[in-house]
Amino acid sequence: MTFEHDTNERIRVYELDPSNSPLVFEVRATDLTFIWNTGERLDLTVDKVPYRLARNQIIFLTEFHHIDSIELKSARMVRFNQPFYCIINHDNEVGSKGFLFFGASGIPIISIDEAMLWEFEISWQLFEAEMQRTEILKKDMLQSILKRMLILSARILRKSTDFHKLEKGQSDLIREFNYLVERHFTEHHDVAFYASQLNKSPKTISNVFSVVSSRGPQHIIHDRIMMHARRQIGYTNLSIKEIAYELGYEDIHSFSRFFKKKEGISPMQYREKFLANTSPQGKIATTSGIYA
């Protein structure tokens, strides 16, 4: 089911099964997606990293995540673009920027417990019913239902991580830091830049991160650089020099040293290994939460 407005606003709501699961690969510019597994399990690989979702787990993805494969029995997918509902402009309403979406810390996965399940089921039924209507306020109603599901999801993610230990100002600081890293990681690799953008000291940011994660802000920046580097090395024909320059490194040697320190092998060795492997490698990710 698809709603499209003549101003390029778009939202799609699907019941997925093995026959139509290729719909997950139809990602367009500015698309944001969440997939709710309703079957026994769902296996998908994103940027060559495998994830396994149990029943009633939801994964949140942006256009920048490359979905390699998916296997499922049944699932529900909501995909909307930012002209339809911009989570950045409406962050004060939902609080998902740098948290559910555009977080530099990893791909969020939440688990819906029995107490919350009926709220998600009601939202889904409302989605399906509203998609069948033709009233003039259809877009507004669909935005309201979407906002409700995002708020419910953000609440679960906060409770399942150590975010609940933070005051609102502190959690907003981490979300904004994550979002800024997502925007600027190719240009700025030091915590000091992001601290200046947030009008905080690097020490203050590190102290707040220490409450919710063993990974400090510098690790977040480096992990985001590595995520992009692996993707470009594996999925494009760009030279290592071009990738280094794209990521803000003035020379290939600095980038290669950084990459090898993080990955254990050189960028070229990684590319050769990536191309040689025809199946995803690595452990299955099953935990919810992005600050584990």
# chains A, B, ... in the order shown; residues from 1 in each chain; ligands from 1
$ residues_around --residues "A:Glu63" --least-positions-apart "4" --cutoff "9 Å" --atoms "only C-alpha atoms" --output "JSON, numbers by chain"
{"A": [27, 28, 29, 30, 31, 32, 33]}
$ residues_around --residues "stretch 153-157 of chain A" --least-positions-apart "3" --cutoff "6 Å" --atoms "only C-alpha atoms" --output "list in words"
Ile110, Leu150 and Ser160 of chain A
$ write_last_selection --atoms "N, CA and C atoms" --output "CSV table (one decimal), in the first residue's frame"
chain,number,residue,atom,x,y,z
A,110,ILE,N,14.9,-2.9,18.2
A,110,ILE,CA,14.1,-3.0,19.5
A,110,ILE,C,13.3,-4.2,19.6
A,150,LEU,N,6.9,5.7,15.9
A,150,LEU,CA,8.2,6.2,16.1
A,150,LEU,C,8.4,6.5,17.6
A,160,SER,N,15.6,0.0,26.9
A,160,SER,CA,16.4,-1.2,26.7
A,160,SER,C,17.9,-0.8,26.7
$ atom_distance --atom1 "atom CA of A:Ile35" --atom2 "atom CA of A:Met77"
4.4 Å
$ closest_residue --among "A:His253, A:Gly248, A:Lys261, A:Gly234" --to "A:Ala276" --atoms "only C-alpha atoms"
A:Gly234
$ closest_atom_pairs --of "stretch 19-89 of chain A" --to "stretch 177-194 of chain A" --cutoff "12 Å" --atoms "only C-alpha atoms" --output "JSON lines"
{"residue": "A:Thr62", "atom": "CA", "partner": "A:Glu182", "partner_atom": "CA", "distance": 11.4}
{"residue": "A:Phe64", "atom": "CA", "partner": "A:Glu182", "partner_atom": "CA", "distance": 10.3}
{"residue": "A:Ile87", "atom": "CA", "partner": "A:Tyr179", "partner_atom": "CA", "distance": 11.5}
{"residue": "A:Ile88", "atom": "CA", "partner": "A:Tyr179", "partner_atom": "CA", "distance": 9.5}
$ atom_distance --atom1 "atom CA of A:Glu71" --atom2 "atom CA of A:Ser21"
7.8 Å
$ select_by_dssp --residues "stretch 53-180 of chain A" --states "helix (DSSP H, G or I)" --output "VMD selection string"
chain A and resid 91 to 94 114 to 131 138 to 160 162 to 165 168 to 180
$ select_by_dssp --residues "stretch 10-253 of chain A" --states "strand (DSSP E)" --output "short mmCIF file (atom, residue, chain, number, x, y, z; two decimals) with N, CA and C atoms, in the first residue's frame"
data_model
loop_
_atom_site.label_atom_id
_atom_site.label_comp_id
_atom_site.auth_asym_id
_atom_site.auth_seq_id
_atom_site.Cartn_x
_atom_site.Cartn_y
_atom_site.Cartn_z
N ARG A 10 5.94 10.59 0.24
CA ARG A 10 5.65 9.18 -0.03
C ARG A 10 5.80 8.35 1.24
N ILE A 11 4.85 7.45 1.45
CA ILE A 11 4.96 6.44 2.50
C ILE A 11 4.41 5.14 1.94
N ARG A 12 5.08 4.04 2.25
CA ARG A 12 4.66 2.70 1.81
C ARG A 12 4.55 1.79 3.03
N VAL A 13 3.48 1.03 3.06
CA VAL A 13 3.20 0.12 4.18
C VAL A 13 2.95 -1.26 3.59
N TYR A 14 3.75 -2.24 3.99
CA TYR A 14 3.68 -3.57 3.38
C TYR A 14 3.59 -4.68 4.41
N GLU A 15 2.79 -5.67 4.11
CA GLU A 15 2.87 -6.98 4.76
C GLU A 15 3.80 -7.82 3.89
N LEU A 16 4.93 -8.23 4.45
CA LEU A 16 5.92 -8.96 3.67
C LEU A 16 5.83 -10.46 3.89
N ASP A 31 14.86 7.89 1.79
CA ASP A 31 13.98 6.91 2.42
C ASP A 31 14.47 6.51 3.80
N LEU A 32 13.54 6.37 4.73
CA LEU A 32 13.77 5.79 6.05
C LEU A 32 12.87 4.58 6.17
N THR A 33 13.38 3.50 6.77
CA THR A 33 12.66 2.23 6.79
C THR A 33 12.69 1.60 8.16
N PHE A 34 11.58 1.01 8.58
CA PHE A 34 11.66 0.08 9.69
C PHE A 34 10.89 -1.19 9.34
N ILE A 35 11.51 -2.31 9.72
CA ILE A 35 10.98 -3.63 9.40
C ILE A 35 10.67 -4.35 10.70
N TRP A 36 9.45 -4.80 10.84
CA TRP A 36 8.94 -5.46 12.05
C TRP A 36 8.74 -6.93 11.73
N ASN A 37 9.56 -7.76 12.36
CA ASN A 37 9.45 -9.19 12.11
C ASN A 37 8.26 -9.78 12.86
N ARG A 41 11.50 -15.95 12.76
CA ARG A 41 12.76 -15.23 12.74
C ARG A 41 12.92 -14.57 11.37
N LEU A 42 13.78 -13.58 11.34
CA LEU A 42 14.08 -12.88 10.09
C LEU A 42 15.58 -12.68 10.02
N ASP A 43 16.19 -13.09 8.93
CA ASP A 43 17.63 -12.92 8.72
C ASP A 43 17.85 -11.92 7.60
N LEU A 44 18.63 -10.91 7.87
CA LEU A 44 18.99 -9.98 6.81
C LEU A 44 20.45 -9.58 6.98
N THR A 45 21.05 -9.20 5.88
CA THR A 45 22.44 -8.76 5.89
C THR A 45 22.48 -7.33 5.40
N VAL A 46 23.09 -6.47 6.20
CA VAL A 46 23.19 -5.05 5.88
C VAL A 46 24.66 -4.68 5.85
N VAL A 49 26.99 -7.28 7.07
CA VAL A 49 26.88 -7.69 8.47
C VAL A 49 25.53 -8.38 8.66
N PRO A 50 25.52 -9.65 9.10
CA PRO A 50 24.25 -10.37 9.27
C PRO A 50 23.55 -10.00 10.57
N TYR A 51 22.24 -9.87 10.52
CA TYR A 51 21.41 -9.61 11.69
C TYR A 51 20.29 -10.65 11.71
N ARG A 52 19.95 -11.10 12.89
CA ARG A 52 18.83 -12.03 13.05
C ARG A 52 17.82 -11.40 14.00
N LEU A 53 16.61 -11.23 13.52
CA LEU A 53 15.54 -10.66 14.32
C LEU A 53 14.61 -11.77 14.81
N ALA A 54 14.34 -11.77 16.09
CA ALA A 54 13.33 -12.67 16.64
C ALA A 54 11.94 -12.09 16.38
N GLN A 57 10.64 -8.11 16.83
CA GLN A 57 11.76 -7.17 16.87
C GLN A 57 11.67 -6.29 15.63
N ILE A 58 12.12 -5.04 15.78
CA ILE A 58 12.08 -4.07 14.68
C ILE A 58 13.48 -3.51 14.46
N ILE A 59 13.87 -3.40 13.20
CA ILE A 59 15.16 -2.82 12.83
C ILE A 59 14.90 -1.53 12.06
N PHE A 60 15.78 -0.53 12.26
CA PHE A 60 15.60 0.80 11.67
C PHE A 60 16.77 1.10 10.74
N LEU A 61 16.44 1.50 9.50
CA LEU A 61 17.45 1.69 8.47
C LEU A 61 17.24 3.01 7.74
N THR A 62 18.33 3.56 7.20
CA THR A 62 18.24 4.76 6.37
C THR A 62 18.63 4.39 4.94
N ILE A 67 21.16 -3.01 1.98
CA ILE A 67 20.61 -4.32 2.32
C ILE A 67 21.08 -5.33 1.28
N ASP A 68 21.85 -6.32 1.70
CA ASP A 68 22.39 -7.32 0.78
C ASP A 68 21.41 -8.46 0.55
N SER A 69 20.78 -8.93 1.62
CA SER A 69 19.89 -10.09 1.49
C SER A 69 18.90 -10.09 2.64
N ILE A 70 17.80 -10.82 2.43
CA ILE A 70 16.81 -10.96 3.49
C ILE A 70 16.09 -12.29 3.33
N GLU A 71 15.85 -12.95 4.45
CA GLU A 71 15.06 -14.18 4.49
C GLU A 71 14.04 -14.04 5.60
N LEU A 72 12.77 -14.26 5.28
CA LEU A 72 11.74 -14.07 6.28
C LEU A 72 10.55 -14.98 6.00
N ALA A 75 6.61 -10.40 7.79
CA ALA A 75 7.11 -9.17 8.41
C ALA A 75 6.25 -8.01 7.93
N ARG A 76 6.42 -6.89 8.59
CA ARG A 76 5.75 -5.66 8.21
C ARG A 76 6.80 -4.58 7.99
N MET A 77 6.63 -3.81 6.94
CA MET A 77 7.62 -2.78 6.63
C MET A 77 6.93 -1.45 6.39
N VAL A 78 7.48 -0.41 7.00
CA VAL A 78 7.06 0.96 6.74
C VAL A 78 8.26 1.70 6.17
N ARG A 79 8.05 2.30 5.01
CA ARG A 79 9.13 3.07 4.36
C ARG A 79 8.56 4.43 3.97
N PHE A 80 9.18 5.48 4.44
CA PHE A 80 8.72 6.83 4.14
C PHE A 80 9.91 7.71 3.79
N ASN A 81 9.65 8.74 3.01
CA ASN A 81 10.75 9.64 2.69
C ASN A 81 10.65 10.91 3.52
N ILE A 109 17.93 -1.91 16.96
CA ILE A 109 16.94 -2.99 16.93
C ILE A 109 16.22 -2.97 18.27
N ILE A 110 14.90 -2.95 18.22
CA ILE A 110 14.13 -2.96 19.47
C ILE A 110 13.32 -4.25 19.56
N SER A 111 12.96 -4.63 20.77
CA SER A 111 12.11 -5.79 21.02
C SER A 111 10.80 -5.33 21.66
#
$ residues_around --residues "A:Leu173" --least-positions-apart "3" --cutoff "12 Å" --atoms "only C-alpha atoms" --output "PyMOL selection string"
chain A and resi 95+97-99+163+166-170+176-180+194-195+197-202+204-209+217
$ closest_residue --among "A:Ile107, A:Leu100, A:Lys48, A:Phe258" --to "A:Arg158" --atoms "only C-alpha atoms"
A:Leu100
$ residues_around --residues "stretch 113-123 of chain A" --least-positions-apart "5" --cutoff "8 Å" --atoms "only C-alpha atoms" --output "PyMOL selection string"
chain A and resi 56+145+148-149+152
$ atom_distance --atom1 "atom CA of A:Ile221" --atom2 "atom CA of A:Tyr245"
16.7 Å
$ closest_residue --among "A:Tyr235, A:Tyr249, A:Phe259, A:Phe84" --to "A:Leu275" --atoms "only C-alpha atoms"
A:Tyr235
